[in-house]
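Structure file coords-v6.txt (compact mmCIF, C-alpha atoms) is printed below.
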```
# COMPACT_ATOMS: atom_id res chain seq x y z
CA MET B 433 -5.75 14.56 -25.78
CA PRO B 434 -3.27 11.94 -24.49
CA VAL B 435 -6.09 10.13 -22.63
CA SER B 436 -9.26 9.28 -24.54
CA LEU B 437 -12.72 8.83 -23.05
CA ASN B 438 -12.86 5.41 -24.70
CA TYR B 439 -9.79 4.30 -22.73
CA ILE B 440 -11.27 5.50 -19.44
CA VAL B 441 -14.56 3.68 -20.08
CA LYS B 442 -12.78 0.46 -21.07
CA ARG B 443 -10.46 0.66 -18.07
CA LEU B 444 -13.40 1.20 -15.73
CA PHE B 445 -15.32 -1.69 -17.31
CA TRP B 446 -12.45 -4.16 -16.95
CA SER B 447 -11.68 -2.95 -13.43
CA ILE B 448 -15.27 -3.65 -12.37
CA LEU B 449 -15.09 -7.13 -13.93
CA VAL B 450 -11.84 -7.84 -12.08
CA LEU B 451 -13.38 -6.63 -8.82
CA ILE B 452 -16.47 -8.83 -9.31
CA GLY B 453 -14.25 -11.82 -10.05
CA VAL B 454 -12.20 -11.22 -6.89
CA ILE B 455 -15.33 -10.88 -4.75
CA VAL B 456 -16.98 -14.04 -6.12
CA PHE B 457 -13.82 -16.13 -5.92
CA SER B 458 -12.99 -14.89 -2.42
CA TYR B 459 -16.51 -15.52 -1.15
CA LEU B 460 -16.56 -19.08 -2.46
CA VAL B 461 -13.11 -19.92 -1.11
CA ILE B 462 -13.82 -18.50 2.34
CA ILE B 463 -17.34 -19.92 2.70
CA LEU B 464 -16.29 -23.40 1.53
CA SER B 465 -13.20 -23.46 3.77
CA PRO B 466 -13.19 -25.25 7.16
CA GLY B 467 -14.62 -23.20 10.00
CA ASP B 468 -18.17 -21.99 10.55
CA PRO B 469 -18.68 -18.19 10.72
CA ALA B 470 -22.10 -18.75 12.29
CA THR B 471 -20.50 -20.46 15.28
CA LYS B 472 -18.19 -17.48 15.82
CA TRP B 473 -21.09 -15.05 15.39
CA ALA B 474 -23.12 -16.94 18.00
CA GLY B 475 -20.18 -16.80 20.43
CA ASN B 476 -19.13 -20.47 20.24
CA PRO B 477 -22.22 -21.65 22.17
CA ARG B 478 -22.27 -24.83 24.25
CA GLY B 479 -25.06 -26.86 25.75
CA VAL B 480 -28.47 -28.08 24.64
CA ASN B 481 -29.40 -24.85 22.84
CA ALA B 482 -26.12 -24.49 20.96
CA THR B 483 -27.54 -25.90 17.73
CA LEU B 484 -30.49 -23.52 17.81
CA ALA B 485 -28.19 -20.54 18.43
CA ILE B 486 -25.93 -21.51 15.51
CA GLU B 487 -28.90 -21.99 13.18
CA ALA B 488 -30.23 -18.56 14.17
CA ALA B 489 -26.80 -17.07 13.46
CA ARG B 490 -26.73 -18.74 10.03
CA ARG B 491 -30.09 -17.20 9.18
CA GLU B 492 -28.93 -13.79 10.41
CA LEU B 493 -25.76 -13.99 8.28
CA GLY B 494 -27.67 -15.29 5.28
CA LEU B 495 -25.70 -18.55 5.21
CA ASP B 496 -28.85 -20.69 5.13
CA LYS B 497 -29.61 -19.69 1.53
CA PRO B 498 -28.36 -21.46 -1.63
CA LEU B 499 -24.77 -20.56 -2.48
CA HIS B 500 -25.58 -18.72 -5.71
CA ILE B 501 -28.15 -16.58 -3.88
CA GLN B 502 -25.59 -15.79 -1.20
CA VAL B 503 -23.04 -14.68 -3.81
CA PHE B 504 -25.54 -12.52 -5.69
CA GLU B 505 -26.86 -10.82 -2.54
CA PHE B 506 -23.32 -10.22 -1.30
CA LEU B 507 -22.35 -8.59 -4.62
CA VAL B 508 -25.38 -6.32 -4.44
CA LYS B 509 -24.51 -5.29 -0.88
CA VAL B 510 -20.88 -4.55 -1.81
CA PHE B 511 -21.81 -2.31 -4.74
CA THR B 512 -24.39 -0.49 -2.63
CA GLY B 513 -21.81 0.24 0.07
CA ASN B 514 -22.90 -2.34 2.61
CA LEU B 515 -20.53 -5.12 3.64
CA GLY B 516 -22.51 -5.89 6.75
CA THR B 517 -21.24 -6.26 10.29
CA SER B 518 -17.88 -7.72 11.23
CA ILE B 519 -18.02 -10.97 13.19
CA ALA B 520 -14.80 -10.12 15.05
CA TYR B 521 -15.54 -6.46 15.90
CA LYS B 522 -19.36 -6.34 15.85
CA GLN B 523 -19.11 -3.08 13.88
CA PRO B 524 -19.80 -2.13 10.25
CA VAL B 525 -17.04 -3.57 8.07
CA PHE B 526 -16.51 -0.38 6.07
CA THR B 527 -16.03 1.63 9.27
CA ILE B 528 -13.32 -0.76 10.47
CA LEU B 529 -11.66 -0.87 7.06
CA TYR B 530 -11.51 2.92 6.77
CA SER B 531 -9.83 3.53 10.13
CA ASN B 532 -7.24 0.82 9.60
CA LEU B 533 -6.64 1.65 5.93
CA ALA B 534 -5.69 5.17 7.00
CA ALA B 535 -3.03 3.73 9.34
CA THR B 536 -1.50 1.56 6.61
CA LEU B 537 -1.57 4.32 3.99
CA GLU B 538 0.09 6.73 6.42
CA LEU B 539 2.94 4.25 6.81
CA LEU B 540 3.16 3.64 3.06
CA PHE B 541 3.10 7.31 2.03
CA CYS B 542 5.67 8.23 4.67
CA SER B 543 7.90 5.44 3.39
CA TYR B 544 7.81 6.65 -0.21
CA VAL B 545 8.26 10.32 0.73
CA ILE B 546 11.49 9.34 2.48
CA VAL B 547 13.03 6.72 0.19
CA LEU B 548 11.95 7.68 -3.34
CA PRO B 549 13.90 10.97 -3.54
CA ILE B 550 16.95 9.21 -2.07
CA GLY B 551 16.71 6.36 -4.56
CA ILE B 552 16.32 8.73 -7.51
CA PHE B 553 19.27 10.87 -6.43
CA LEU B 554 21.52 7.84 -5.94
CA GLY B 555 20.42 6.43 -9.30
CA VAL B 556 21.27 9.70 -11.07
CA TYR B 557 24.60 9.89 -9.26
CA SER B 558 25.40 6.32 -10.28
CA ALA B 559 24.58 7.05 -13.93
CA LEU B 560 26.85 10.08 -13.92
CA HIS B 561 29.73 7.88 -12.74
CA ARG B 562 29.24 4.90 -15.03
CA ASP B 563 31.83 2.13 -14.84
CA GLU B 564 33.44 3.69 -11.77
CA LEU B 565 33.74 2.12 -8.32
CA ILE B 566 30.89 4.19 -6.88
CA ASP B 567 28.66 2.98 -9.72
CA ASP B 568 29.38 -0.65 -8.88
CA VAL B 569 28.80 -0.01 -5.17
CA LEU B 570 25.45 1.71 -5.74
CA GLN B 571 24.25 -0.96 -8.16
CA THR B 572 25.18 -3.69 -5.68
CA PHE B 573 23.45 -1.77 -2.90
CA GLY B 574 20.34 -1.41 -5.06
CA THR B 575 20.29 -5.12 -5.88
CA VAL B 576 20.70 -6.14 -2.23
CA THR B 577 18.03 -3.78 -0.91
CA ALA B 578 15.54 -4.68 -3.64
CA ASN B 579 15.88 -8.38 -2.74
CA THR B 580 15.98 -8.13 1.06
CA PRO B 581 12.91 -9.71 2.75
CA ALA B 582 11.05 -6.95 4.60
CA PHE B 583 9.87 -9.18 7.46
CA TRP B 584 13.37 -10.50 8.18
CA LEU B 585 14.85 -6.99 8.18
CA ALA B 586 11.99 -5.66 10.31
CA ALA B 587 12.55 -8.33 12.97
CA ILE B 588 16.27 -7.53 13.18
CA VAL B 589 15.72 -3.76 13.34
CA PHE B 590 12.97 -4.15 15.93
CA LEU B 591 15.16 -6.25 18.21
CA MET B 592 17.99 -3.74 17.90
CA LEU B 593 15.73 -0.80 18.74
CA VAL B 594 14.03 -2.54 21.66
CA SER B 595 17.33 -3.69 23.14
CA SER B 596 18.61 -0.10 22.96
CA GLY B 597 15.53 1.22 24.78
CA HIS B 598 13.74 2.95 21.89
CA PRO B 599 9.89 2.83 22.17
CA VAL B 600 8.86 1.71 18.70
CA TYR B 601 6.02 -0.74 19.43
CA GLY B 602 2.54 0.37 18.47
CA ARG B 603 1.36 3.43 16.63
CA ILE B 604 0.99 5.93 19.47
CA ASP B 605 1.63 6.15 23.20
CA THR B 606 -1.90 5.76 24.60
CA ARG B 607 -1.03 7.39 27.91
CA LEU B 608 0.48 10.39 26.14
CA ALA B 609 -2.56 10.71 23.90
CA LEU B 610 -4.89 10.75 26.92
CA GLU B 611 -2.76 13.27 28.81
CA THR B 612 -2.63 15.68 25.88
CA GLY B 613 -6.25 15.19 24.81
CA PHE B 614 -5.39 13.91 21.36
CA GLN B 615 -8.44 12.90 19.31
CA PRO B 616 -8.08 11.09 15.94
CA MET B 617 -9.99 12.88 13.19
CA THR B 618 -8.87 11.64 9.77
CA GLY B 619 -7.14 8.47 10.97
CA LEU B 620 -3.80 9.91 9.83
CA TYR B 621 -2.17 10.59 13.18
CA LEU B 622 0.59 12.83 11.81
CA LEU B 623 -1.97 15.06 10.12
CA ASP B 624 -4.37 14.96 13.07
CA SER B 625 -1.67 15.99 15.55
CA ILE B 626 -0.68 18.92 13.30
CA LEU B 627 -4.30 20.06 12.91
CA GLN B 628 -4.72 19.98 16.69
CA GLY B 629 -1.38 21.68 17.32
CA ASN B 630 -0.29 18.73 19.45
CA MET B 631 3.41 18.56 18.66
CA VAL B 632 4.14 16.20 21.55
CA VAL B 633 1.95 13.53 19.97
CA PHE B 634 3.33 14.41 16.52
CA VAL B 635 6.89 13.64 17.64
CA ASP B 636 5.80 10.40 19.36
CA VAL B 637 3.89 9.22 16.27
CA LEU B 638 6.80 10.16 13.99
CA ILE B 639 9.35 8.28 16.12
CA LYS B 640 7.21 5.15 15.97
CA LEU B 641 6.49 5.61 12.26
CA ILE B 642 9.99 6.12 10.83
CA PRO B 643 11.50 2.64 11.54
CA PRO B 644 8.73 0.59 9.86
CA ALA B 645 8.49 3.20 7.07
CA LEU B 646 12.19 2.83 6.28
CA ILE B 647 11.88 -0.96 6.25
CA VAL B 648 8.86 -0.90 3.94
CA GLY B 649 10.85 1.46 1.73
CA VAL B 650 13.81 -0.89 1.32
CA TYR B 651 12.39 -2.56 -1.79
CA PRO B 652 11.35 0.66 -3.61
CA LEU B 653 14.69 2.22 -2.64
CA GLY B 654 16.68 -0.51 -4.37
CA LEU B 655 14.31 -0.56 -7.32
CA SER B 656 14.44 3.21 -7.82
CA ILE B 657 18.24 3.24 -7.67
CA ARG B 658 18.64 0.58 -10.34
CA LEU B 659 15.82 1.83 -12.55
CA THR B 660 16.90 5.49 -12.40
CA ARG B 661 20.49 4.53 -13.13
CA THR B 662 19.45 2.51 -16.20
CA LEU B 663 17.11 5.18 -17.54
CA MET B 664 19.56 8.00 -16.97
CA ALA B 665 22.42 6.07 -18.54
CA GLU B 666 20.31 5.64 -21.67
CA SER B 667 19.14 9.27 -21.70
CA LEU B 668 22.68 10.62 -21.38
CA THR B 669 23.63 8.92 -24.65
CA GLU B 670 20.70 10.34 -26.63
CA ASP B 671 21.26 12.83 -29.45
CA PHE B 672 19.34 15.64 -27.76
CA VAL B 673 21.68 15.45 -24.75
CA ARG B 674 24.76 15.50 -26.97
CA ALA B 675 23.31 18.48 -28.83
CA ALA B 676 22.76 20.32 -25.54
CA VAL B 677 26.38 19.63 -24.55
CA ALA B 678 27.58 20.93 -27.93
CA TRP B 679 25.57 24.11 -27.46
CA GLY B 680 27.26 24.71 -24.12
CA VAL B 681 24.20 24.21 -21.91
CA ARG B 682 25.04 24.03 -18.23
CA LYS B 683 25.69 20.52 -16.90
CA ARG B 684 23.06 20.73 -14.16
CA ARG B 685 20.43 21.82 -16.67
CA ILE B 686 21.34 18.97 -19.03
CA ILE B 687 21.09 16.42 -16.23
CA TRP B 688 17.80 17.45 -14.66
CA LYS B 689 15.86 19.21 -17.40
CA TYR B 690 16.78 17.02 -20.36
CA ALA B 691 18.16 13.63 -19.32
CA PHE B 692 16.16 13.13 -16.13
CA ARG B 693 12.98 14.54 -17.64
CA ALA B 694 13.10 11.88 -20.35
CA SER B 695 13.38 9.23 -17.62
CA ILE B 696 10.33 10.36 -15.65
CA PRO B 697 7.50 8.54 -17.57
CA PRO B 698 8.83 4.96 -17.16
CA LEU B 699 9.98 5.82 -13.64
CA VAL B 700 6.45 6.93 -12.73
CA GLN B 701 4.88 3.76 -14.11
CA VAL B 702 7.28 1.36 -12.37
CA SER B 703 7.14 3.36 -9.12
CA GLY B 704 3.34 3.08 -9.20
CA LEU B 705 3.55 -0.70 -9.52
CA ALA B 706 6.11 -0.85 -6.71
CA PHE B 707 3.89 1.35 -4.53
CA ALA B 708 0.98 -1.05 -4.97
CA TYR B 709 3.25 -4.03 -4.26
CA SER B 710 4.57 -2.39 -1.10
CA LEU B 711 1.09 -2.47 0.43
CA ILE B 712 1.63 -6.16 1.24
CA ASP B 713 5.00 -5.45 2.86
CA ALA B 714 3.38 -2.68 4.91
CA MET B 715 0.64 -5.03 6.12
CA VAL B 716 3.18 -7.63 7.24
CA VAL B 717 5.66 -5.27 8.86
CA GLU B 718 3.20 -3.00 10.65
CA TYR B 719 1.42 -5.68 12.67
CA ALA B 720 3.57 -8.83 12.72
CA VAL B 721 6.66 -6.96 13.94
CA PHE B 722 5.82 -3.46 15.17
CA GLY B 723 2.33 -4.13 16.56
CA ARG B 724 0.74 -1.22 14.72
CA GLU B 725 -2.91 -0.82 13.79
CA GLY B 726 -3.68 -1.34 10.14
CA LEU B 727 -4.82 -3.80 7.52
CA GLY B 728 -2.34 -6.41 8.73
CA ARG B 729 -4.05 -6.65 12.10
CA LEU B 730 -7.45 -6.90 10.43
CA LEU B 731 -6.27 -9.78 8.28
CA VAL B 732 -5.11 -11.77 11.31
CA ASP B 733 -8.35 -11.09 13.18
CA ALA B 734 -10.45 -12.01 10.15
CA LEU B 735 -8.70 -15.38 9.91
CA ASN B 736 -8.87 -16.08 13.65
CA TYR B 737 -12.59 -15.33 13.88
CA SER B 738 -13.64 -16.80 10.51
CA ASP B 739 -14.85 -13.29 9.72
CA PHE B 740 -15.62 -13.81 6.04
CA LYS B 741 -17.10 -10.34 5.56
CA LEU B 742 -14.02 -8.62 6.96
CA ALA B 743 -11.69 -10.92 4.99
CA ILE B 744 -13.50 -10.19 1.72
CA GLY B 745 -13.55 -6.50 2.57
CA LEU B 746 -9.77 -6.60 2.92
CA LEU B 747 -9.41 -8.34 -0.43
CA ILE B 748 -11.66 -5.70 -2.01
CA ILE B 749 -9.54 -2.91 -0.52
CA VAL B 750 -6.30 -4.47 -1.80
CA THR B 751 -7.80 -5.08 -5.26
CA VAL B 752 -9.18 -1.55 -5.58
CA PHE B 753 -5.86 -0.17 -4.36
CA TYR B 754 -3.95 -2.06 -7.06
CA LEU B 755 -6.41 -1.05 -9.78
CA VAL B 756 -6.42 2.62 -8.79
CA ILE B 757 -2.63 2.91 -8.46
CA ASN B 758 -1.97 1.14 -11.76
CA THR B 759 -4.56 3.27 -13.55
CA LEU B 760 -3.17 6.48 -12.08
CA ALA B 761 0.36 5.47 -13.09
CA ASP B 762 -0.77 4.94 -16.68
CA LEU B 763 -2.69 8.23 -16.76
CA ILE B 764 0.19 10.21 -15.31
CA GLN B 765 2.59 8.66 -17.79
CA ALA B 766 0.29 9.64 -20.66
CA LEU B 767 -0.04 13.19 -19.35
CA ILE B 768 3.70 13.81 -19.00
CA ASP B 769 4.90 11.85 -22.05
CA PRO B 770 3.49 13.13 -25.37
CA ARG B 771 4.53 9.88 -27.07
CA VAL B 772 2.01 7.87 -25.04
CA ARG B 773 -1.60 7.74 -26.21
CA LEU B 774 -4.28 5.91 -24.26
```
With the file now loaded, output its structure as structure tokens.
Amino acid sequence: MPVSLNYIVKRLFWSILVLIGVIVFSYLVIILSPGDPATKWAGNPRGVNATLAIEAARRELGLDKPLHIQVFEFLVKVFTGNLGTSIAYKQPVFTILYSNLAATLELLFCSYVIVLPIGIFLGVYSALHRDELIDDVLQTFGTVTANTPAFWLAAIVFLMLVSSGHPVYGRIDTRLALETGFQPMTGLYLLDSILQGNMVVFVDVLIKLIPPALIVGVYPLGLSIRLTRTLMAESLTEDFVRAAVAWGVRKRRIIWKYAFRASIPPLVQVSGLAFAYSLIDAMVVEYAVFGREGLGRLLVDALNYSDFKLAIGLLIIVTVFYLVINTLADLIQALIDPRVRL
């Protein structure tokens, strides 16, 4: 077995400790920061009864208790699936997080489905033409794209699209959704429109999704080009590849079955880390530039309304996302590479 039960238990144990640390640290930082959540919860009251309303709000939010009691009770609520009610939205925090997480993940998955195959293909092509002009061009392109700020690029692309009359703001045309009777089911609009057979909405959602998805994919595109090129260049010089050439194995088979297959495990691990990192780019690009629903919008609202429960919920989501993706990347690498033992 490439993956032992002991590894899984240890990984789960340390992941829970990391999550607890993030929750405690986030709670303390947010609660001790300027701004009173109770005032926001009470609706910024004015007049002679304002103090009474704020005190009532503090009791309702549990902010009147000692700090260590607050932290402990909040931890218990989190691990029992109850983050309470959002100050900004007046709805359960987990409900809000789920609907907006689906929007961000749809953008992120679409981005990787588009750019990762392109990056891998260009990386392989570059490795097959080492020390040639096309190799230098592709390596330069990979370096530039991997280091291009997503927000800056998103702003430029958005202005170009808007000036040319392309409707790219938002996630869906609300009027079109009402006219066609579109009803979100899973929160993934592409999937929902397909399940409902609503191809008009599908096309509208796809048109609005592709520009931010391509921008979010700029970093993983450059990274996959450079990483694939490096891994393939090393694999092509290995003895097993030379032996396959000597035996007269077809070139395409040597490239994809032998050389590329040996490059898959490290490529999977690094791609997993890049995928987790791209979540932050997606949050910035989707709301700050393209006005889409998602975790980015929730973060802004949480800060504006001193919504500490929503803010901590977002940090929990991001932390769990990182832990899950990194763990999956390690497990997949162990499953496909017999040399790795966990």
Taking (23.1, 0.8, -9.9) in the file's coordinates, which residues come within 8 Å, counting only C-alpha atoms, written as a compact mmCIF listing (two decimals) with C-alpha atoms, in the coordinates of the input?
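That gives us out08.txt:
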```
# COMPACT_ATOMS: atom_id res chain seq x y z
CA GLY B 555 20.42 6.43 -9.30
CA SER B 558 25.40 6.32 -10.28
CA ALA B 559 24.58 7.05 -13.93
CA ASP B 567 28.66 2.98 -9.72
CA ASP B 568 29.38 -0.65 -8.88
CA VAL B 569 28.80 -0.01 -5.17
CA LEU B 570 25.45 1.71 -5.74
CA GLN B 571 24.25 -0.96 -8.16
CA THR B 572 25.18 -3.69 -5.68
CA PHE B 573 23.45 -1.77 -2.90
CA GLY B 574 20.34 -1.41 -5.06
CA THR B 575 20.29 -5.12 -5.88
CA ILE B 657 18.24 3.24 -7.67
CA ARG B 658 18.64 0.58 -10.34
CA LEU B 659 15.82 1.83 -12.55
CA ARG B 661 20.49 4.53 -13.13
CA THR B 662 19.45 2.51 -16.20
```
Selection: 8 Å around segment 588-595 of chain B, only C-alpha atoms, excl. self and same-chain fewer than 6 positions, as a ChimeraX atom specification: /B:643,721-722
So which one's closest to Met664 of chain B, B:Gly516, B:Pro698, B:Gly619, B:Pro652? Using only C-alpha atoms, please.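 Distance minimum relative to Met664 of chain B lands on B:Pro698.
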Report as a short mmCIF file (atom, residue, chain, number, x, y, z; two decimals) with C-alpha atoms, keeping the file's coordinate frame all protein, DNA and RNA residues lying within 9 Å of Asp605 of chain B, evaluated on all atoms listed in the file, omitting residues in the same chain fewer than 6 positions from it.
```cif
data_model
loop_
_atom_site.label_atom_id
_atom_site.label_comp_id
_atom_site.auth_asym_id
_atom_site.auth_seq_id
_atom_site.Cartn_x
_atom_site.Cartn_y
_atom_site.Cartn_z
CA PRO B 599 9.89 2.83 22.17
CA VAL B 633 1.95 13.53 19.97
CA ASP B 636 5.80 10.40 19.36
CA VAL B 637 3.89 9.22 16.27
#
```
So that I can see what lies close to segment 501-509 of chain B, please list as a count of residues only the residues with an atom at most 12 Å from it, counting all atoms listed in the file and leaving out residues fewer than 3 positions away in the same chain. 36
Write out as a PyMOL selection string which residues come within 10 Å of Phe672 of chain B when counting only C-alpha atoms, dropping same-chain ones fewer than 6 positions away. chain B and resi 678+686+690-691
Shortest interatomic distance to Arg729 of chain B - which of B:Leu533, B:Leu641, B:Val556, B:Leu484, counting only C-alpha atoms: B:Leu533
Calculate how many Å separate atom CA of Ala586 of chain B from atom CA of Val717 of chain B, rounding to one decimal. 6.5 Å
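The shortest atom-to-atom distance to Ala720 of chain B, with all atoms listed in the file taken into account, belongs to B:Ala582 out of B:Leu565, B:Ala582, B:Val576, B:Leu464.
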Do you know which residues are at most 10 Å from segment 442-446 of chain B counting only C-alpha atoms, after dropping those on the same chain fewer than 6 positions away, and could you put them as a list in words?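 Residues near the query, excluding close chain neighbours: Ile452, Leu755, Val756 and Thr759 of chain B.
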Considering all atoms listed in the file, can you say which of B:Ala609, B:Leu668, B:Leu760, B:Ala535 comes closest to Met631 of chain B? B:Ala609
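Distance annotation: of B:Leu711, B:Leu539, B:Ala587, B:Leu730, the residue with the minimal separation from Leu646 of chain B is B:Leu539; atom set is only C-alpha atoms.
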Where atoms are lacking, segment 600-615 of chain B completed to N, CA and C atoms, as a tab-separated table (two decimals), keeping the file's coordinate frame:
```tsv
chain	number	residue	atom	x	y	z
B	600	VAL	N	9.32	1.74	20.09
B	600	VAL	CA	8.86	1.71	18.70
B	600	VAL	C	7.65	0.81	18.50
B	601	TYR	N	7.15	0.18	19.57
B	601	TYR	CA	6.02	-0.74	19.43
B	601	TYR	C	4.72	0.05	19.43
B	602	GLY	N	3.82	-0.31	18.55
B	602	GLY	CA	2.54	0.37	18.47
B	602	GLY	C	2.60	1.59	17.57
B	603	ARG	N	1.48	2.27	17.50
B	603	ARG	CA	1.36	3.43	16.63
B	603	ARG	C	1.42	4.74	17.39
B	604	ILE	N	1.01	4.72	18.65
B	604	ILE	CA	0.99	5.93	19.47
B	604	ILE	C	1.03	5.53	20.93
B	605	ASP	N	1.62	6.37	21.76
B	605	ASP	CA	1.63	6.15	23.20
B	605	ASP	C	0.25	6.52	23.74
B	606	THR	N	-0.52	5.52	24.16
B	606	THR	CA	-1.90	5.76	24.60
B	606	THR	C	-1.96	6.70	25.79
B	607	ARG	N	-1.05	6.52	26.72
B	607	ARG	CA	-1.03	7.39	27.91
B	607	ARG	C	-0.77	8.85	27.51
B	608	LEU	N	0.16	9.03	26.61
B	608	LEU	CA	0.48	10.39	26.14
B	608	LEU	C	-0.70	11.01	25.41
B	609	ALA	N	-1.40	10.20	24.63
B	609	ALA	CA	-2.56	10.71	23.90
B	609	ALA	C	-3.66	11.16	24.87
B	610	LEU	N	-3.87	10.39	25.93
B	610	LEU	CA	-4.89	10.75	26.92
B	610	LEU	C	-4.50	12.01	27.68
B	611	GLU	N	-3.23	12.11	28.04
B	611	GLU	CA	-2.76	13.27	28.81
B	611	GLU	C	-2.86	14.56	28.01
B	612	THR	N	-2.62	14.48	26.72
B	612	THR	CA	-2.63	15.68	25.88
B	612	THR	C	-3.98	15.94	25.21
B	613	GLY	N	-4.93	15.01	25.40
B	613	GLY	CA	-6.25	15.19	24.81
B	613	GLY	C	-6.30	14.99	23.31
B	614	PHE	N	-5.43	14.16	22.80
B	614	PHE	CA	-5.39	13.91	21.36
B	614	PHE	C	-6.61	13.11	20.92
B	615	GLN	N	-7.27	13.57	19.84
B	615	GLN	CA	-8.44	12.90	19.31
B	615	GLN	C	-8.24	12.64	17.81
```
